[in-house]
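Okay, coords38.txt now, which holds compact mmCIF, C-alpha atoms and all ligand atoms:
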```txt
# COMPACT_ATOMS: atom_id res chain seq x y z
CA MET A 1 -11.30 34.93 -1.98
CA THR A 2 -10.98 31.20 -2.53
CA ILE A 3 -8.51 28.77 -4.10
CA LEU A 4 -9.29 25.54 -5.95
CA VAL A 5 -6.94 22.68 -5.10
CA THR A 6 -6.93 19.44 -7.11
CA GLY A 7 -5.72 16.19 -5.53
CA GLY A 8 -6.03 17.64 -2.03
CA ALA A 9 -6.78 14.25 -0.41
CA GLY A 10 -3.41 12.78 -1.47
CA PHE A 11 -0.10 12.96 0.38
CA ILE A 12 1.16 16.42 -0.60
CA GLY A 13 -2.26 17.88 -1.40
CA SER A 14 -3.68 17.08 2.05
CA ASN A 15 -0.57 18.49 3.75
CA PHE A 16 -0.98 21.61 1.61
CA VAL A 17 -4.66 22.08 2.51
CA LEU A 18 -3.97 21.58 6.24
CA ASP A 19 -0.98 23.93 6.09
CA TRP A 20 -2.91 26.55 4.08
CA LEU A 21 -5.79 26.65 6.57
CA ARG A 22 -3.35 26.82 9.50
CA GLN A 23 -1.97 30.05 8.04
CA SER A 24 -5.02 31.72 6.52
CA ASP A 25 -8.81 31.77 6.51
CA GLU A 26 -9.04 31.82 2.72
CA PRO A 27 -11.34 28.88 1.83
CA VAL A 28 -10.17 25.89 -0.18
CA VAL A 29 -12.35 24.00 -2.66
CA ASN A 30 -10.74 20.56 -2.83
CA LEU A 31 -11.46 18.48 -5.97
CA ASP A 32 -10.26 14.91 -5.63
CA ALA A 33 -11.37 11.66 -7.29
CA LEU A 34 -10.38 9.61 -4.22
CA THR A 35 -8.36 7.02 -6.12
CA TYR A 36 -6.49 4.44 -4.02
CA ALA A 37 -4.09 7.30 -3.10
CA GLY A 38 -6.73 9.77 -1.94
CA ASN A 39 -7.74 9.51 1.71
CA PRO A 40 -10.38 11.80 3.25
CA GLU A 41 -9.14 10.70 6.68
CA ASN A 42 -6.06 12.91 6.08
CA LEU A 43 -8.46 15.87 6.31
CA ALA A 44 -10.55 14.64 9.25
CA SER A 45 -9.35 17.54 11.42
CA LEU A 46 -11.24 19.88 9.03
CA ASP A 47 -14.62 18.14 9.53
CA GLY A 48 -17.23 20.86 10.09
CA ASP A 49 -14.78 23.62 9.05
CA ALA A 50 -16.60 25.87 6.55
CA ARG A 51 -13.28 26.95 5.03
CA HIS A 52 -12.83 23.49 3.45
CA ILE A 53 -15.24 22.40 0.71
CA PHE A 54 -14.53 18.85 -0.43
CA VAL A 55 -15.80 17.71 -3.84
CA LYS A 56 -15.34 14.10 -4.93
CA GLY A 57 -14.80 14.22 -8.68
CA ASP A 58 -12.44 13.76 -11.59
CA ILE A 59 -10.29 16.52 -13.11
CA CYS A 60 -11.10 14.96 -16.52
CA ASP A 61 -14.77 15.91 -16.00
CA ARG A 62 -14.93 19.27 -17.80
CA ALA A 63 -18.55 19.98 -16.86
CA LEU A 64 -17.78 19.49 -13.16
CA VAL A 65 -14.67 21.70 -13.32
CA ASP A 66 -16.66 24.44 -15.13
CA THR A 67 -19.38 24.27 -12.48
CA LEU A 68 -16.87 24.56 -9.63
CA LEU A 69 -15.11 27.53 -11.25
CA SER A 70 -18.32 29.44 -11.87
CA ALA A 71 -19.79 28.61 -8.43
CA HIS A 72 -16.70 29.41 -6.30
CA LYS A 73 -14.84 31.94 -8.47
CA PRO A 74 -11.35 30.96 -7.21
CA ARG A 75 -8.46 33.41 -7.55
CA ALA A 76 -6.12 30.46 -8.19
CA ILE A 77 -6.00 26.79 -9.10
CA VAL A 78 -3.27 24.75 -7.40
CA HIS A 79 -3.03 21.51 -9.37
CA PHE A 80 -1.70 18.47 -7.47
CA ALA A 81 -4.00 15.73 -8.81
CA ALA A 82 -1.98 13.02 -10.54
CA GLU A 83 -1.07 9.39 -10.65
CA SER A 84 2.24 9.66 -8.82
CA HIS A 85 3.90 6.26 -8.33
CA VAL A 86 6.66 5.31 -10.79
CA ASP A 87 6.32 1.54 -10.19
CA ARG A 88 2.57 1.65 -10.89
CA SER A 89 3.27 3.58 -14.11
CA ILE A 90 5.46 0.67 -15.25
CA HIS A 91 2.69 -1.86 -14.59
CA GLY A 92 -0.08 0.28 -16.10
CA PRO A 93 0.75 3.57 -17.86
CA GLY A 94 -2.80 4.22 -19.13
CA ALA A 95 -4.09 5.84 -15.94
CA PHE A 96 -1.05 8.16 -15.95
CA ILE A 97 -1.79 9.43 -19.45
CA LYS A 98 -5.46 9.86 -18.57
CA THR A 99 -5.08 11.86 -15.37
CA ASN A 100 -1.69 13.55 -15.81
CA VAL A 101 -2.05 14.50 -19.49
CA ASP A 102 -5.81 14.52 -20.30
CA GLY A 103 -6.69 15.77 -16.83
CA THR A 104 -4.22 18.66 -16.98
CA PHE A 105 -5.46 19.50 -20.49
CA THR A 106 -9.07 19.57 -19.23
CA LEU A 107 -8.15 21.84 -16.32
CA LEU A 108 -6.18 24.19 -18.58
CA GLU A 109 -9.09 24.52 -20.99
CA ALA A 110 -11.56 25.12 -18.17
CA ALA A 111 -9.17 27.66 -16.58
CA ARG A 112 -8.71 29.42 -19.92
CA ALA A 113 -12.46 29.83 -20.40
CA TYR A 114 -12.95 31.00 -16.80
CA TRP A 115 -9.99 33.41 -16.78
CA GLY A 116 -10.93 34.73 -20.23
CA ALA A 117 -14.27 35.89 -18.86
CA LEU A 118 -12.77 37.60 -15.77
CA GLU A 119 -12.16 41.34 -15.79
CA GLY A 120 -9.95 43.94 -14.11
CA ASP A 121 -8.19 43.02 -10.86
CA ALA A 122 -9.69 39.51 -10.75
CA LYS A 123 -8.27 38.76 -14.18
CA ALA A 124 -4.85 40.21 -13.33
CA ALA A 125 -4.63 38.29 -10.04
CA PHE A 126 -5.65 34.84 -11.34
CA ARG A 127 -3.00 32.06 -11.26
CA PHE A 128 -2.82 28.46 -12.49
CA HIS A 129 -0.15 26.77 -10.37
CA HIS A 130 1.03 23.45 -11.79
CA VAL A 131 2.75 21.14 -9.27
CA SER A 132 5.36 19.01 -11.01
CA THR A 133 8.43 16.92 -10.36
CA ASP A 134 12.21 16.88 -10.82
CA GLU A 135 11.85 13.52 -12.64
CA VAL A 136 11.08 15.37 -15.89
CA TYR A 137 14.80 16.22 -16.15
CA GLY A 138 15.87 12.55 -16.32
CA SER A 139 18.83 11.03 -14.49
CA LEU A 140 22.14 12.56 -13.33
CA THR A 141 25.59 10.95 -13.18
CA PRO A 142 27.56 11.42 -9.92
CA ALA A 143 29.59 14.22 -11.57
CA ASP A 144 26.67 16.23 -12.99
CA PRO A 145 25.57 19.49 -11.36
CA PRO A 146 22.05 19.41 -9.84
CA PHE A 147 19.02 20.08 -12.07
CA ALA A 148 18.52 23.76 -12.91
CA GLU A 149 15.31 25.14 -14.45
CA THR A 150 17.18 25.38 -17.75
CA ASN A 151 18.01 21.65 -17.94
CA PRO A 152 16.51 19.87 -20.96
CA TYR A 153 13.57 17.53 -20.35
CA GLU A 154 14.63 13.84 -20.54
CA PRO A 155 11.89 11.83 -18.78
CA ASN A 156 12.57 8.09 -18.49
CA SER A 157 9.46 6.47 -16.96
CA PRO A 158 5.83 6.53 -18.07
CA TYR A 159 5.15 8.61 -14.93
CA SER A 160 7.83 11.22 -15.64
CA ALA A 161 6.91 11.32 -19.34
CA SER A 162 3.28 12.03 -18.43
CA LYS A 163 4.35 14.80 -16.04
CA ALA A 164 6.70 16.24 -18.67
CA ALA A 165 3.81 16.26 -21.15
CA SER A 166 1.63 18.12 -18.64
CA ASP A 167 4.42 20.67 -17.99
CA HIS A 168 4.65 21.31 -21.75
CA LEU A 169 0.89 21.83 -22.00
CA VAL A 170 0.99 24.34 -19.14
CA ARG A 171 3.87 26.19 -20.80
CA ALA A 172 2.05 26.28 -24.15
CA TRP A 173 -1.20 27.57 -22.62
CA HIS A 174 0.81 30.50 -21.24
CA HIS A 175 2.70 31.27 -24.44
CA THR A 176 -0.22 30.79 -26.82
CA TYR A 177 -3.22 31.97 -24.80
CA GLY A 178 -1.56 34.11 -22.13
CA LEU A 179 -2.95 31.96 -19.30
CA PRO A 180 -1.18 33.18 -16.11
CA VAL A 181 0.67 30.03 -15.04
CA VAL A 182 3.53 29.13 -12.72
CA THR A 183 5.10 25.66 -12.44
CA THR A 184 7.13 24.13 -9.62
CA ASN A 185 9.36 21.07 -10.08
CA CYS A 186 10.05 19.48 -6.72
CA SER A 187 12.28 16.66 -5.48
CA ASN A 188 11.20 13.64 -3.36
CA ASN A 189 8.89 14.58 -0.51
CA TYR A 190 8.47 12.71 2.78
CA GLY A 191 6.40 13.26 5.92
CA PRO A 192 2.98 12.51 7.46
CA TYR A 193 0.21 10.92 5.32
CA HIS A 194 2.73 9.50 2.80
CA PHE A 195 1.13 6.44 1.20
CA PRO A 196 3.13 3.32 2.16
CA GLU A 197 3.86 2.28 -1.42
CA LYS A 198 6.70 4.87 -1.51
CA LEU A 199 10.18 4.19 -0.12
CA ILE A 200 10.20 5.88 3.31
CA PRO A 201 6.71 4.96 4.58
CA LEU A 202 7.00 1.44 3.11
CA MET A 203 10.22 0.88 5.06
CA ILE A 204 8.65 2.16 8.30
CA VAL A 205 5.49 0.05 8.08
CA ASN A 206 7.30 -3.09 6.88
CA ALA A 207 9.91 -2.81 9.65
CA LEU A 208 7.22 -2.45 12.31
CA ALA A 209 5.46 -5.52 10.89
CA GLY A 210 8.72 -7.53 10.83
CA LYS A 211 8.55 -7.80 7.02
CA PRO A 212 11.45 -7.57 4.53
CA LEU A 213 12.67 -4.07 3.56
CA PRO A 214 12.95 -4.36 -0.25
CA VAL A 215 15.86 -2.31 -1.64
CA TYR A 216 15.94 -2.15 -5.44
CA GLY A 217 19.20 -3.06 -7.22
CA ASP A 218 22.33 -2.00 -5.34
CA GLY A 219 20.53 0.65 -3.24
CA GLN A 220 22.98 3.33 -4.39
CA GLN A 221 20.39 5.39 -6.32
CA ILE A 222 20.27 8.96 -5.02
CA ARG A 223 17.23 11.12 -4.32
CA ASP A 224 17.07 14.69 -2.91
CA TRP A 225 14.65 14.62 0.05
CA LEU A 226 12.38 17.47 1.17
CA PHE A 227 10.02 17.47 4.17
CA VAL A 228 6.50 17.92 2.83
CA THR A 229 5.63 21.15 4.68
CA ASP A 230 8.71 22.74 3.10
CA HIS A 231 7.27 21.86 -0.31
CA CYS A 232 3.99 23.49 0.80
CA SER A 233 5.78 26.71 1.82
CA GLY A 234 7.66 26.71 -1.52
CA ILE A 235 4.37 26.45 -3.41
CA ARG A 236 2.89 29.29 -1.36
CA ALA A 237 5.94 31.44 -2.14
CA VAL A 238 5.71 30.79 -5.90
CA LEU A 239 1.93 31.24 -5.96
CA ALA A 240 2.34 34.61 -4.23
CA GLY A 241 5.41 35.95 -6.02
CA GLY A 242 6.48 33.71 -8.91
CA LYS A 243 6.88 35.30 -12.33
CA LEU A 244 4.21 34.32 -14.84
CA GLY A 245 5.25 31.58 -17.25
CA GLU A 246 8.33 30.68 -15.18
CA THR A 247 9.28 27.41 -13.55
CA TYR A 248 10.86 27.06 -10.10
CA ASN A 249 12.78 24.06 -8.79
CA ILE A 250 12.14 23.16 -5.15
CA GLY A 251 14.50 20.86 -3.27
CA GLY A 252 15.99 20.17 0.12
CA TRP A 253 19.75 20.12 -0.60
CA ASN A 254 19.56 16.61 0.85
CA GLU A 255 21.02 14.04 -1.51
CA LYS A 256 20.95 10.57 0.01
CA ALA A 257 21.46 7.04 -1.34
CA ASN A 258 18.42 4.80 -0.85
CA ILE A 259 20.32 2.33 1.31
CA ASP A 260 21.34 5.16 3.66
CA ILE A 261 17.71 6.27 3.94
CA VAL A 262 16.68 2.73 4.85
CA LYS A 263 19.47 2.42 7.43
CA THR A 264 18.47 5.79 8.95
CA VAL A 265 14.85 4.65 9.29
CA CYS A 266 16.03 1.39 10.91
CA ALA A 267 18.27 3.26 13.39
CA LEU A 268 15.45 5.62 14.40
CA LEU A 269 13.07 2.69 14.92
CA ASP A 270 15.77 0.90 16.97
CA GLU A 271 15.81 3.97 19.22
CA LEU A 272 12.07 4.77 19.35
CA LYS A 273 10.53 1.27 19.22
CA PRO A 274 13.19 -1.41 19.66
CA SER A 275 12.33 -4.90 18.44
CA ALA A 276 12.89 -7.95 20.62
CA GLU A 277 14.13 -9.75 17.48
CA GLY A 278 17.15 -7.40 17.11
CA PRO A 279 18.07 -4.40 14.93
CA TYR A 280 15.57 -3.61 12.13
CA SER A 281 18.42 -3.55 9.61
CA ARG A 282 18.31 -7.38 9.75
CA LEU A 283 15.21 -7.07 7.51
CA ILE A 284 17.02 -5.28 4.63
CA THR A 285 16.60 -7.39 1.48
CA TYR A 286 18.04 -6.51 -1.93
CA VAL A 287 15.50 -7.22 -4.70
CA LYS A 288 15.31 -6.94 -8.49
CA ASP A 289 15.89 -3.39 -9.74
CA ARG A 290 13.13 -1.09 -11.09
CA PRO A 291 13.18 -1.16 -14.94
CA GLY A 292 14.75 2.04 -16.29
CA HIS A 293 15.61 3.12 -12.73
CA ASP A 294 16.93 6.71 -12.66
CA ARG A 295 20.28 6.76 -10.88
CA ARG A 296 20.40 10.21 -9.32
CA TYR A 297 18.17 13.26 -8.84
CA ALA A 298 19.39 16.51 -7.27
CA ILE A 299 17.82 19.95 -7.29
CA ASP A 300 19.51 23.30 -7.64
CA ALA A 301 17.06 25.40 -5.61
CA ARG A 302 18.94 28.71 -5.91
CA LYS A 303 16.38 30.42 -8.17
CA ILE A 304 13.49 30.17 -5.68
CA GLU A 305 15.82 31.31 -2.89
CA ARG A 306 17.23 34.23 -4.88
CA GLU A 307 13.93 35.49 -6.27
CA LEU A 308 11.48 34.59 -3.51
CA GLY A 309 13.61 34.11 -0.40
CA TRP A 310 12.45 30.49 0.12
CA ARG A 311 14.59 27.92 1.97
CA PRO A 312 13.58 24.67 3.62
CA ALA A 313 12.92 24.94 7.36
CA GLU A 314 13.62 21.27 8.17
CA THR A 315 16.93 19.45 7.95
CA PHE A 316 16.77 15.79 6.93
CA GLU A 317 17.60 14.81 10.52
CA THR A 318 14.65 16.76 12.02
CA GLY A 319 12.24 15.82 9.24
CA ILE A 320 12.90 12.08 9.23
CA ARG A 321 12.60 11.91 13.04
CA LYS A 322 9.19 13.68 12.89
CA THR A 323 8.11 11.33 10.11
CA VAL A 324 9.04 8.10 11.90
CA GLN A 325 7.37 9.41 15.07
CA TRP A 326 4.20 10.29 13.11
CA TYR A 327 3.88 6.70 11.81
CA LEU A 328 4.46 5.34 15.33
CA ASP A 329 1.71 7.64 16.61
CA HIS A 330 -0.83 6.72 13.85
CA PRO A 331 -1.10 2.92 13.64
CA GLU A 332 -4.84 3.14 12.84
CA TRP A 333 -4.17 5.33 9.78
CA VAL A 334 -1.60 2.80 8.56
CA ALA A 335 -3.91 -0.17 9.21
CA ARG A 336 -6.76 1.44 7.27
CA VAL A 337 -4.71 2.37 4.17
CA GLN A 338 -3.15 -1.10 4.17
CA SER A 339 -6.49 -2.87 3.84
CA GLY A 340 -8.09 -3.92 0.57
CA ALA A 341 -6.50 -2.80 -2.69
CA TYR A 342 -3.17 -2.04 -1.00
CA LYS A 343 -2.61 -5.75 -0.36
CA ASP A 344 -3.14 -6.54 -4.07
CA TRP A 345 -0.51 -3.94 -5.04
CA VAL A 346 2.12 -5.26 -2.60
CA SER A 347 1.59 -8.81 -3.77
CA LYS A 348 1.83 -7.83 -7.47
CA GLN A 349 4.95 -5.67 -7.02
CA TYR A 350 6.98 -7.70 -4.54
CA ASN A 351 5.83 -11.31 -4.98
CA GLY A 352 4.79 -11.41 -8.62
P1 LIG B 1 -0.65 11.10 -4.33
O1 LIG B 1 -0.65 9.94 -5.27
O2 LIG B 1 -0.41 10.86 -2.89
O3 LIG B 1 -2.03 11.89 -4.44
C1 LIG B 1 -2.66 12.16 -5.66
C2 LIG B 1 -4.07 12.65 -5.38
O4 LIG B 1 -4.69 12.95 -6.64
C3 LIG B 1 -4.95 11.59 -4.70
O5 LIG B 1 -5.68 12.19 -3.65
C4 LIG B 1 -5.88 11.11 -5.80
O6 LIG B 1 -7.14 10.67 -5.33
C5 LIG B 1 -5.98 12.36 -6.66
N1 LIG B 1 -6.33 12.07 -8.05
C6 LIG B 1 -5.75 11.14 -8.87
N2 LIG B 1 -6.36 11.14 -10.07
C7 LIG B 1 -7.30 12.09 -10.03
C8 LIG B 1 -8.25 12.59 -10.97
N3 LIG B 1 -8.33 12.07 -12.21
N4 LIG B 1 -9.08 13.59 -10.60
C9 LIG B 1 -9.01 14.10 -9.35
N5 LIG B 1 -8.15 13.67 -8.41
C10 LIG B 1 -7.30 12.68 -8.75
O7 LIG B 1 0.40 12.11 -4.93
P2 LIG B 1 1.41 13.10 -4.19
O8 LIG B 1 2.65 12.37 -3.85
O9 LIG B 1 0.68 13.83 -3.13
O10 LIG B 1 1.78 14.11 -5.39
C11 LIG B 1 0.97 15.25 -5.65
C12 LIG B 1 1.54 16.00 -6.84
O11 LIG B 1 2.88 16.39 -6.55
C13 LIG B 1 1.60 15.16 -8.12
O12 LIG B 1 1.27 16.01 -9.20
C14 LIG B 1 3.05 14.72 -8.20
O13 LIG B 1 3.44 14.53 -9.55
C15 LIG B 1 3.75 15.90 -7.58
N6 LIG B 1 5.04 15.62 -6.92
C16 LIG B 1 5.13 14.61 -5.98
C17 LIG B 1 6.35 14.41 -5.32
C18 LIG B 1 6.50 13.35 -4.26
O14 LIG B 1 7.62 13.13 -3.77
N7 LIG B 1 5.43 12.66 -3.84
C19 LIG B 1 7.46 15.22 -5.63
C20 LIG B 1 7.32 16.21 -6.62
C21 LIG B 1 6.10 16.41 -7.24
O1 LIG B 2 11.49 12.96 -7.45
C1 LIG B 2 10.15 13.25 -7.22
C2 LIG B 2 9.33 11.99 -7.32
O2 LIG B 2 9.60 11.24 -6.14
C3 LIG B 2 7.83 12.24 -7.46
O3 LIG B 2 7.59 12.92 -8.67
C4 LIG B 2 7.06 10.93 -7.43
O4 LIG B 2 5.66 11.18 -7.47
C5 LIG B 2 7.40 10.22 -6.14
O5 LIG B 2 6.74 8.96 -6.08
C6 LIG B 2 8.90 10.02 -6.03
O6 LIG B 2 9.38 9.08 -7.03
P1 LIG B 2 10.50 7.98 -6.70
O7 LIG B 2 10.40 6.88 -7.66
O8 LIG B 2 11.83 8.63 -6.50
O9 LIG B 2 9.96 7.54 -5.23
P2 LIG B 2 9.81 6.10 -4.53
O10 LIG B 2 9.50 6.36 -3.10
O11 LIG B 2 8.91 5.20 -5.29
O12 LIG B 2 11.29 5.52 -4.63
C7 LIG B 2 12.38 6.23 -4.07
C8 LIG B 2 13.63 5.43 -4.37
O13 LIG B 2 13.60 4.20 -3.62
C9 LIG B 2 13.75 5.00 -5.83
O14 LIG B 2 15.12 5.05 -6.22
C10 LIG B 2 13.24 3.56 -5.84
C11 LIG B 2 13.64 3.06 -4.46
N1 LIG B 2 12.74 2.03 -3.87
C12 LIG B 2 11.40 2.29 -3.84
C13 LIG B 2 10.52 1.36 -3.32
C14 LIG B 2 9.03 1.62 -3.28
C15 LIG B 2 13.27 0.85 -3.36
O15 LIG B 2 14.50 0.64 -3.37
N2 LIG B 2 12.40 -0.07 -2.82
C16 LIG B 2 11.04 0.12 -2.81
O16 LIG B 2 10.30 -0.79 -2.33
```
Have the structure of the file written as structure tokens, please.
Amino acid sequence: MTILVTGGAGFIGSNFVLDWLRQSDEPVVNLDALTYAGNPENLASLDGDARHIFVKGDICDRALVDTLLSAHKPRAIVHFAAESHVDRSIHGPGAFIKTNVDGTFTLLEAARAYWGALEGDAKAAFRFHHVSTDEVYGSLTPADPPFAETNPYEPNSPYSASKAASDHLVRAWHHTYGLPVVTTNCSNNYGPYHFPEKLIPLMIVNALAGKPLPVYGDGQQIRDWLFVTDHCSGIRAVLAGGKLGETYNIGGWNEKANIDIVKTVCALLDELKPSAEGPYSRLITYVKDRPGHDRRYAIDARKIERELGWRPAETFETGIRKTVQWYLDHPEWVARVQSGAYKDWVSKQYNG
């Protein structure tokens, strides 16, 4: 048996592939276009491991996807590949429509043709697992209950709108064609291999470099943080036992305001790598807010717990300490991802 993973060189995808192969010998075919966010170095520990077959390619390339399905005959597709950064979607939404909408459509059509030709047990066992986000539900006020699977879709950014569109396609391919799909909508992840354009890794690498820590608006926006390996275990649980056509919210029961996240990162760095210049919090700088910035996300993760027995293993305190320590232990990884195109992004977003 084999699974096909898309986007497995990105942050969550690479953690998923590493985690999968730590727990099982079932091979992974990993299709990734290696955009700025894809980094084969995340998977260096699998070099020479026959259980990991890496293919550089685009999910929009139907012929390539067809070839991979017929050559490897996977029992499941776990679909991570996406443009994932909200700020980039504001600067340039086109790539988000291309990969997140067209790419998901291409995969669904290829999966439908492949699954349609399967028979017996192989046909019954096949799954298309779509990895999505809580951002499709829009923004909560402080008094609202957390997002449940039944909340209406109210996406507010080009990124979340493109993910919402992909979720709708996946739903329709199940209802119309019977494709055996499951979808997970997860909250903000953090952990090793997180690209330093996102809040937590950006704050760690900027602090260590003595650069400003840019906090958007008043810093009181709330996100619900989940350590990345807990997201991986949630996906495994839904892939194994989720009901066909259903969606499952995955979250950490960890609502935190951005400014508190930044202060926590500063305090951990003060403890683990004190700066001669004084506390890292001196670098906190309030900057112009993100256009259309969602105020609060929070996940009601009771369905996945009730039906599949999943709960996060990490608390925020254990997960954030591991994360800060990982960045301290991997300065070469940080230096390499910060070269080249990364510099252009930082200058466009924070100086432009
Ligand atoms: P990421 O940006 O770190 O990685 C995306 C990966 O997809 C990269 O390896 C990239 O090279 C690849 N990719 C992009 N376009 C491609 C294409 N056209 N064909 C093939 N590969 C392509 O993203 P991430 O943070 O790891 O997120 C992975 C998935 O999880 C996304 O679908 C995202 O919407 C979802 N998600 C992310 C979070 C989060 O907090 N990061 C939370 C919930 C859901
Ligand atoms: O909720 C799940 C989503 O979480 C995923 O679907 C997205 O792929 C992922 O990128 C993430 O989106 P966010 O926009 O919440 O993550 P980001 O790390 O970009 O920002 C987190 C919060 O921090 C957000 O309120 C914006 C704020 N922020 C971010 C950056 C990069 C700042 O204040 N300063 C910054 O420099």
How big is the axis-aligned box around all listed atoms of stretch 9-27 of chain A once 6 Å goes on each side, and where's its centre, in Å to one decimal, as JSON?
```
{"center_x": -5.1, "center_y": 22.3, "center_z": 4.0, "size_x": 24.5, "size_y": 31.0, "size_z": 23.0}
```
- Message: Report, in Å to a single decimal, how far apart atom C16 of ligand LIG 1 (chain B) and atom CA of A:Thr183 are.
- Response: 12.8 Å
Counting all atoms listed in the file, give me one row per residue of chain A with an atom at most 9 Å from an atom of ligand LIG 2 (chain B), showing the shortest contact pair and its distance in Å to one decimal, sorted by chain then residue number, as CSV.
```
residue,atom,partner,partner_atom,distance
A:Ala82,CA,B:LIG2,O4,8.4
A:Glu83,CA,B:LIG2,O4,7.7
A:Ser84,CA,B:LIG2,O4,4.0
A:His85,CA,B:LIG2,O5,4.5
A:Val86,CA,B:LIG2,O7,5.1
A:Asp87,CA,B:LIG2,O11,6.6
A:Ser132,CA,B:LIG2,O3,6.9
A:Thr133,CA,B:LIG2,O3,4.4
A:Asp134,CA,B:LIG2,O1,5.2
A:Glu135,CA,B:LIG2,O1,5.2
A:Val136,CA,B:LIG2,O3,8.4
A:Tyr159,CA,B:LIG2,O4,7.9
A:Ser160,CA,B:LIG2,O3,7.2
A:Lys163,CA,B:LIG2,O3,8.3
A:Asn185,CA,B:LIG2,C1,8.4
A:Cys186,CA,B:LIG2,C1,6.3
A:Ser187,CA,B:LIG2,O1,4.3
A:Asn188,CA,B:LIG2,O2,4.0
A:Asn189,CA,B:LIG2,O2,6.6
A:Tyr190,CA,B:LIG2,O10,8.7
A:Pro196,CA,B:LIG2,C14,8.2
A:Glu197,CA,B:LIG2,C14,5.5
A:Lys198,CA,B:LIG2,O10,3.5
A:Leu199,CA,B:LIG2,O10,3.7
A:Ile200,CA,B:LIG2,O10,6.5
A:Pro201,CA,B:LIG2,O10,8.3
A:Leu202,CA,B:LIG2,C14,6.7
A:Met203,CA,B:LIG2,O16,7.6
A:Leu213,CA,B:LIG2,O16,7.1
A:Pro214,CA,B:LIG2,O16,4.9
A:Val215,CA,B:LIG2,O15,3.7
A:Tyr216,CA,B:LIG2,O15,3.8
A:Gly217,CA,B:LIG2,O15,7.1
A:Asp218,CA,B:LIG2,O15,8.5
A:Gly219,CA,B:LIG2,O15,6.0
A:Gln220,CA,B:LIG2,O14,8.3
A:Gln221,CA,B:LIG2,O14,5.3
A:Ile222,CA,B:LIG2,O14,6.6
A:Arg223,CA,B:LIG2,O8,6.3
A:Asp224,CA,B:LIG2,O1,7.4
A:Trp225,CA,B:LIG2,O1,8.3
A:Ala257,CA,B:LIG2,O14,8.2
A:Asn258,CA,B:LIG2,O13,5.6
A:Ile259,CA,B:LIG2,O15,7.7
A:Ile261,CA,B:LIG2,O13,8.9
A:Val262,CA,B:LIG2,O15,8.8
A:Tyr286,CA,B:LIG2,O15,8.1
A:Val287,CA,B:LIG2,N2,8.0
A:Asp289,CA,B:LIG2,O15,7.7
A:Arg290,CA,B:LIG2,C10,7.0
A:His293,CA,B:LIG2,O14,6.8
A:Asp294,CA,B:LIG2,O14,6.9
A:Arg295,CA,B:LIG2,O14,7.2
A:Arg296,CA,B:LIG2,O14,8.0
A:Tyr297,CA,B:LIG2,O1,6.8
A:Ala298,CA,B:LIG2,O1,8.7
A:Gln349,CA,B:LIG2,O16,8.6
A:Tyr350,CA,B:LIG2,O16,8.0
```
- Query: Which of these, A:Ala9, A:Ala237, A:Ala113, A:Met1, has the shortest distance to ligand LIG 1 (chain B) once you count all atoms listed in the file?
  - Reply: A:Ala9
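Proximity ranking of A:Val334, A:Ile250, A:Val181, A:Val228 relative to A:Ser14 places A:Val228 first, based on all atoms listed in the file.
Nearest to ligand LIG 1 (chain B) of all the residues A:Ile90, A:Val131, A:Leu308, A:Ile204 is A:Val131, counting all atoms listed in the file.
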- Item | Near-stretch 66-78 of chain A list (9 Å; only C-alpha atoms; drop same-chain fewer than 4 positions) as a ChimeraX atom specification | /A:1-6,28-29,31,61-62,107,110-111,113-114,122-123,125-131,235,239
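Counting only C-alpha atoms and comparing A:Phe105, A:Phe11, A:Phe195, A:Phe147, the residue that lies closest to A:Tyr342 is A:Phe195.
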- Once you count only C-alpha atoms, which residues end up no further than 12 Å from (-6.9, -0.7, -3.2) in the file's frame, shown as a list in words? Leu34, Thr35, Tyr36, Ala37, Gly38, Asn39, Phe195, Glu197, Arg336, Val337, Gln338, Ser339, Gly340, Ala341, Tyr342, Lys343, Asp344, Trp345, Val346 and Ser347 of chain A
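Separating atom CA of A:Thr150 from atom CA of A:Ala164 is a distance of 13.9 Å.
Considering all atoms listed in the file, the residue among A:Pro27, A:Gly120, A:Pro155, A:Gly191 positioned nearest to ligand LIG 1 (chain B) is A:Gly191.
Distance annotation: of A:Ala81, A:Ile304, A:Leu43, A:Leu18, the residue with the minimal separation from ligand LIG 1 (chain B) is A:Ala81; atom set is all atoms listed in the file.
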- Message: Residues within 12 Å of (8.6, 17.4, 11.6), file coordinates, counting all atoms listed in the file: what are they? Give the list as a VMD selection string.
- Response: chain A and resid 190 to 192 226 to 230 312 to 327
- Item | Gap from atom CA of A:Val17 to atom CA of A:Leu46 - Å, one decimal | 9.5 Å
